[in-house]
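This report concerns only the one structure given below.
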Amino acid sequence: MFTSELPNNCPPKEAFSSEKVLFRIFIDGEISEKEFIPYVVLYPDNKRYKKLCIAYSLSFYNDFNNAKNAYNDALKRNKKLGKFIAKLKINKKLGKFFTKDGKHYSFWIYNYRSISEIECLEMSEIE
């Protein structure tokens with residue numbers, strides 16, 4: 001059903017499908033498959049990730065400022081996430097979302113869907 005075999009109870013039972021306009025940090029200023037790779041795939045040697053549901057998801061933010069804050073927090077930890085923030089429209093048929101605070105969304109994409117179905121509304125370079 002999802003793009004990877006997920007740990008038990010993943011996504012959480014509170015996860016939902018919805019059409020959303022959300023923001024995501026991008027490495028490059030264009031939509032491509034490499035911009036949508038979950039941590040469990042990016043870091044296959046990290047055994048901890050194999051058991052973490054969130055490591056199988058993609059991170060999105062409810063607004064530009066929250067995405068930029070996440071970017072700045074990553075820089076403080078010496079991690080560079082990218083140079084762009086994209087405003088994206090996500091179809092409710094693509095997968096399931098989960099949020100605890102309404103600011104950060106974890107998203108699990110269905111295996112029979114494609115990121116090409118995500119519409120880029122705007123791409124901004126982070127200053």
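All residue names refer to the structure tokens as shown: chains lettered A, B, ... in order, residues numbered from 1 in each chain, ligands numbered from 1 in order.
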Restrict the calculation to only C-alpha atoms, then for each residue of range 32-125 of chain A with any atom at most 12 Å from an atom of range 12-19 of chain A give the closest atom pair and their distance in Å to one decimal, rows by chain and rising residue number, as JSON lines.
```
{"residue": "A:Leu52", "atom": "CA", "partner": "A:Pro12", "partner_atom": "CA", "distance": 11.5}
{"residue": "A:Cys53", "atom": "CA", "partner": "A:Pro12", "partner_atom": "CA", "distance": 8.3}
{"residue": "A:Ile54", "atom": "CA", "partner": "A:Pro12", "partner_atom": "CA", "distance": 9.7}
{"residue": "A:Ser57", "atom": "CA", "partner": "A:Pro12", "partner_atom": "CA", "distance": 11.4}
{"residue": "A:Leu88", "atom": "CA", "partner": "A:Glu19", "partner_atom": "CA", "distance": 10.5}
{"residue": "A:Lys89", "atom": "CA", "partner": "A:Glu19", "partner_atom": "CA", "distance": 7.3}
{"residue": "A:Ile90", "atom": "CA", "partner": "A:Glu19", "partner_atom": "CA", "distance": 5.6}
{"residue": "A:Asn91", "atom": "CA", "partner": "A:Glu19", "partner_atom": "CA", "distance": 4.7}
{"residue": "A:Lys92", "atom": "CA", "partner": "A:Ser18", "partner_atom": "CA", "distance": 4.2}
{"residue": "A:Lys93", "atom": "CA", "partner": "A:Ser17", "partner_atom": "CA", "distance": 7.0}
{"residue": "A:Leu94", "atom": "CA", "partner": "A:Ser17", "partner_atom": "CA", "distance": 8.0}
{"residue": "A:Gly95", "atom": "CA", "partner": "A:Ser17", "partner_atom": "CA", "distance": 6.2}
{"residue": "A:Lys96", "atom": "CA", "partner": "A:Ser17", "partner_atom": "CA", "distance": 4.7}
{"residue": "A:Phe97", "atom": "CA", "partner": "A:Ala15", "partner_atom": "CA", "distance": 5.2}
{"residue": "A:Phe98", "atom": "CA", "partner": "A:Ala15", "partner_atom": "CA", "distance": 4.6}
{"residue": "A:Thr99", "atom": "CA", "partner": "A:Ala15", "partner_atom": "CA", "distance": 7.8}
{"residue": "A:Lys100", "atom": "CA", "partner": "A:Glu14", "partner_atom": "CA", "distance": 9.8}
{"residue": "A:Tyr105", "atom": "CA", "partner": "A:Ala15", "partner_atom": "CA", "distance": 10.0}
{"residue": "A:Ser106", "atom": "CA", "partner": "A:Ala15", "partner_atom": "CA", "distance": 9.0}
{"residue": "A:Phe107", "atom": "CA", "partner": "A:Ala15", "partner_atom": "CA", "distance": 8.8}
{"residue": "A:Trp108", "atom": "CA", "partner": "A:Ala15", "partner_atom": "CA", "distance": 9.3}
{"residue": "A:Ile109", "atom": "CA", "partner": "A:Ser17", "partner_atom": "CA", "distance": 10.3}
{"residue": "A:Tyr110", "atom": "CA", "partner": "A:Ser17", "partner_atom": "CA", "distance": 10.9}
{"residue": "A:Glu117", "atom": "CA", "partner": "A:Glu19", "partner_atom": "CA", "distance": 11.9}
{"residue": "A:Ile118", "atom": "CA", "partner": "A:Glu19", "partner_atom": "CA", "distance": 10.5}
{"residue": "A:Glu119", "atom": "CA", "partner": "A:Glu19", "partner_atom": "CA", "distance": 11.3}
```
(request) Apply DSSP to the backbone of this structure and, from chain A, keep only the residues in alpha helix (DSSP H); write these as a PyMOL selection string. (result) chain A and resi 39-42+64-76
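Proximity to Lys83 in chain A was assessed for A:Asn62, A:Ser124, A:Asn69, A:Ser114 counting only C-alpha atoms; the smallest distance is recorded for A:Ser124.
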(request) Find the residues around Phe60 in chain A up to 6 Å (only C-alpha atoms counted), leave out those fewer than 5 positions away in its own chain, and share them as an MDAnalysis selection string. (result) chainID A and resid 23:24 104:105
(request) Enumerate the residues of chain A with a DSSP assignment of strand (DSSP E or B), computed from the backbone, and present them as JSON, numbers by chain. (result) {"A": [2, 16, 20, 21, 22, 23, 24, 25, 26, 58, 59, 60, 61, 84, 85, 86, 87, 88, 89, 90, 95, 96, 97, 98, 104, 105, 106, 107, 108, 109, 110, 119, 120, 121, 122, 123, 124, 125]}
Put those residues in a file: N, CA and C atoms, as an mmCIF file, in the first residue's frame.
```
data_model
loop_
_atom_site.group_PDB
_atom_site.id
_atom_site.type_symbol
_atom_site.label_atom_id
_atom_site.label_comp_id
_atom_site.auth_asym_id
_atom_site.auth_seq_id
_atom_site.Cartn_x
_atom_site.Cartn_y
_atom_site.Cartn_z
ATOM 1 N N PHE A 2 1.974 1.290 0.800
ATOM 2 C CA PHE A 2 2.868 2.441 0.840
ATOM 3 C C PHE A 2 4.160 2.099 0.106
ATOM 4 N N PHE A 16 -4.334 10.754 8.244
ATOM 5 C CA PHE A 16 -5.513 11.068 7.435
ATOM 6 C C PHE A 16 -5.111 11.439 6.012
ATOM 7 N N LYS A 20 -3.911 19.158 0.592
ATOM 8 C CA LYS A 20 -3.200 20.146 1.395
ATOM 9 C C LYS A 20 -2.298 20.994 0.510
ATOM 10 N N VAL A 21 -2.128 22.238 0.910
ATOM 11 C CA VAL A 21 -1.078 23.090 0.371
ATOM 12 C C VAL A 21 -0.083 23.243 1.508
ATOM 13 N N LEU A 22 1.119 22.696 1.297
ATOM 14 C CA LEU A 22 2.149 22.674 2.334
ATOM 15 C C LEU A 22 3.487 23.080 1.736
ATOM 16 N N PHE A 23 4.479 23.221 2.593
ATOM 17 C CA PHE A 23 5.796 23.685 2.194
ATOM 18 C C PHE A 23 6.835 22.619 2.518
ATOM 19 N N ARG A 24 7.839 22.504 1.637
ATOM 20 C CA ARG A 24 8.902 21.519 1.817
ATOM 21 C C ARG A 24 10.232 22.138 1.422
ATOM 22 N N ILE A 25 11.275 21.798 2.160
ATOM 23 C CA ILE A 25 12.623 22.269 1.862
ATOM 24 C C ILE A 25 13.193 21.407 0.736
ATOM 25 N N PHE A 26 13.766 22.064 -0.275
ATOM 26 C CA PHE A 26 14.315 21.396 -1.450
ATOM 27 C C PHE A 26 15.806 21.675 -1.575
ATOM 28 N N LEU A 58 7.834 11.733 4.669
ATOM 29 C CA LEU A 58 8.408 12.956 4.130
ATOM 30 C C LEU A 58 7.905 14.117 4.982
ATOM 31 N N SER A 59 8.757 15.095 5.240
ATOM 32 C CA SER A 59 8.381 16.235 6.078
ATOM 33 C C SER A 59 7.864 17.400 5.246
ATOM 34 N N PHE A 60 6.768 17.962 5.712
ATOM 35 C CA PHE A 60 6.173 19.159 5.135
ATOM 36 C C PHE A 60 5.822 20.102 6.274
ATOM 37 N N TYR A 61 5.630 21.373 5.937
ATOM 38 C CA TYR A 61 5.312 22.388 6.933
ATOM 39 C C TYR A 61 4.087 23.178 6.488
ATOM 40 N N PHE A 84 16.106 25.824 -1.067
ATOM 41 C CA PHE A 84 14.825 26.316 -1.556
ATOM 42 C C PHE A 84 13.680 25.822 -0.671
ATOM 43 N N ILE A 85 12.598 26.574 -0.691
ATOM 44 C CA ILE A 85 11.352 26.129 -0.062
ATOM 45 C C ILE A 85 10.282 26.166 -1.141
ATOM 46 N N ALA A 86 9.633 25.036 -1.321
ATOM 47 C CA ALA A 86 8.583 24.914 -2.327
ATOM 48 C C ALA A 86 7.215 24.934 -1.653
ATOM 49 N N LYS A 87 6.296 25.622 -2.277
ATOM 50 C CA LYS A 87 4.888 25.596 -1.870
ATOM 51 C C LYS A 87 4.211 24.584 -2.785
ATOM 52 N N LEU A 88 3.651 23.538 -2.182
ATOM 53 C CA LEU A 88 3.166 22.398 -2.954
ATOM 54 C C LEU A 88 1.700 22.093 -2.659
ATOM 55 N N LYS A 89 0.997 21.701 -3.687
ATOM 56 C CA LYS A 89 -0.390 21.243 -3.536
ATOM 57 C C LYS A 89 -0.366 19.723 -3.645
ATOM 58 N N ILE A 90 -0.862 19.067 -2.601
ATOM 59 C CA ILE A 90 -0.809 17.615 -2.522
ATOM 60 C C ILE A 90 -2.224 17.059 -2.565
ATOM 61 N N GLY A 95 -1.570 9.870 -0.422
ATOM 62 C CA GLY A 95 -1.087 9.186 0.768
ATOM 63 C C GLY A 95 -1.757 9.677 2.025
ATOM 64 N N LYS A 96 -1.040 9.533 3.148
ATOM 65 C CA LYS A 96 -1.594 9.904 4.451
ATOM 66 C C LYS A 96 -0.670 10.856 5.186
ATOM 67 N N PHE A 97 -1.299 11.793 5.886
ATOM 68 C CA PHE A 97 -0.604 12.784 6.706
ATOM 69 C C PHE A 97 -0.782 12.473 8.176
ATOM 70 N N PHE A 98 0.185 12.959 8.957
ATOM 71 C CA PHE A 98 0.054 12.949 10.413
ATOM 72 C C PHE A 98 0.720 14.208 10.941
ATOM 73 N N HIS A 104 4.187 20.895 11.518
ATOM 74 C CA HIS A 104 4.973 19.894 10.796
ATOM 75 C C HIS A 104 4.060 18.721 10.459
ATOM 76 N N TYR A 105 4.124 18.296 9.195
ATOM 77 C CA TYR A 105 3.330 17.154 8.737
ATOM 78 C C TYR A 105 4.268 16.062 8.255
ATOM 79 N N SER A 106 4.035 14.853 8.711
ATOM 80 C CA SER A 106 4.702 13.671 8.166
ATOM 81 C C SER A 106 3.767 13.106 7.108
ATOM 82 N N PHE A 107 4.333 12.666 5.993
ATOM 83 C CA PHE A 107 3.520 12.193 4.870
ATOM 84 C C PHE A 107 4.077 10.877 4.336
ATOM 85 N N TRP A 108 3.208 9.876 4.242
ATOM 86 C CA TRP A 108 3.558 8.576 3.672
ATOM 87 C C TRP A 108 2.830 8.455 2.349
ATOM 88 N N ILE A 109 3.577 8.270 1.270
ATOM 89 C CA ILE A 109 2.980 8.196 -0.066
ATOM 90 C C ILE A 109 2.622 6.747 -0.395
ATOM 91 N N TYR A 110 1.471 6.569 -1.052
ATOM 92 C CA TYR A 110 1.051 5.239 -1.486
ATOM 93 C C TYR A 110 1.967 4.744 -2.604
ATOM 94 N N GLU A 119 1.754 19.197 -7.207
ATOM 95 C CA GLU A 119 1.826 20.423 -7.992
ATOM 96 C C GLU A 119 2.651 21.472 -7.251
ATOM 97 N N CYS A 120 3.653 21.999 -7.922
ATOM 98 C CA CYS A 120 4.468 23.070 -7.351
ATOM 99 C C CYS A 120 3.805 24.408 -7.656
ATOM 100 N N LEU A 121 3.398 25.120 -6.612
ATOM 101 C CA LEU A 121 2.741 26.416 -6.776
ATOM 102 C C LEU A 121 3.752 27.560 -6.768
ATOM 103 N N GLU A 122 4.860 27.328 -6.059
ATOM 104 C CA GLU A 122 5.869 28.382 -5.936
ATOM 105 C C GLU A 122 7.166 27.767 -5.425
ATOM 106 N N MET A 123 8.300 28.321 -5.867
ATOM 107 C CA MET A 123 9.609 27.889 -5.395
ATOM 108 C C MET A 123 10.391 29.130 -5.012
ATOM 109 N N SER A 124 10.860 29.170 -3.755
ATOM 110 C CA SER A 124 11.583 30.348 -3.270
ATOM 111 C C SER A 124 12.966 29.943 -2.773
ATOM 112 N N GLU A 125 13.964 30.720 -3.154
ATOM 113 C CA GLU A 125 15.314 30.475 -2.646
ATOM 114 C C GLU A 125 15.399 31.028 -1.224
#
```
(request) Rank A:Asp63, A:Cys10, A:Lys80, A:Ile115 by their smallest atom-to-atom distance to Ser32 in chain A, using only C-alpha atoms, and report the top residue only. (result)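 Using only C-alpha atoms, the shortest distance to Ser32 in chain A belongs to A:Ile115.
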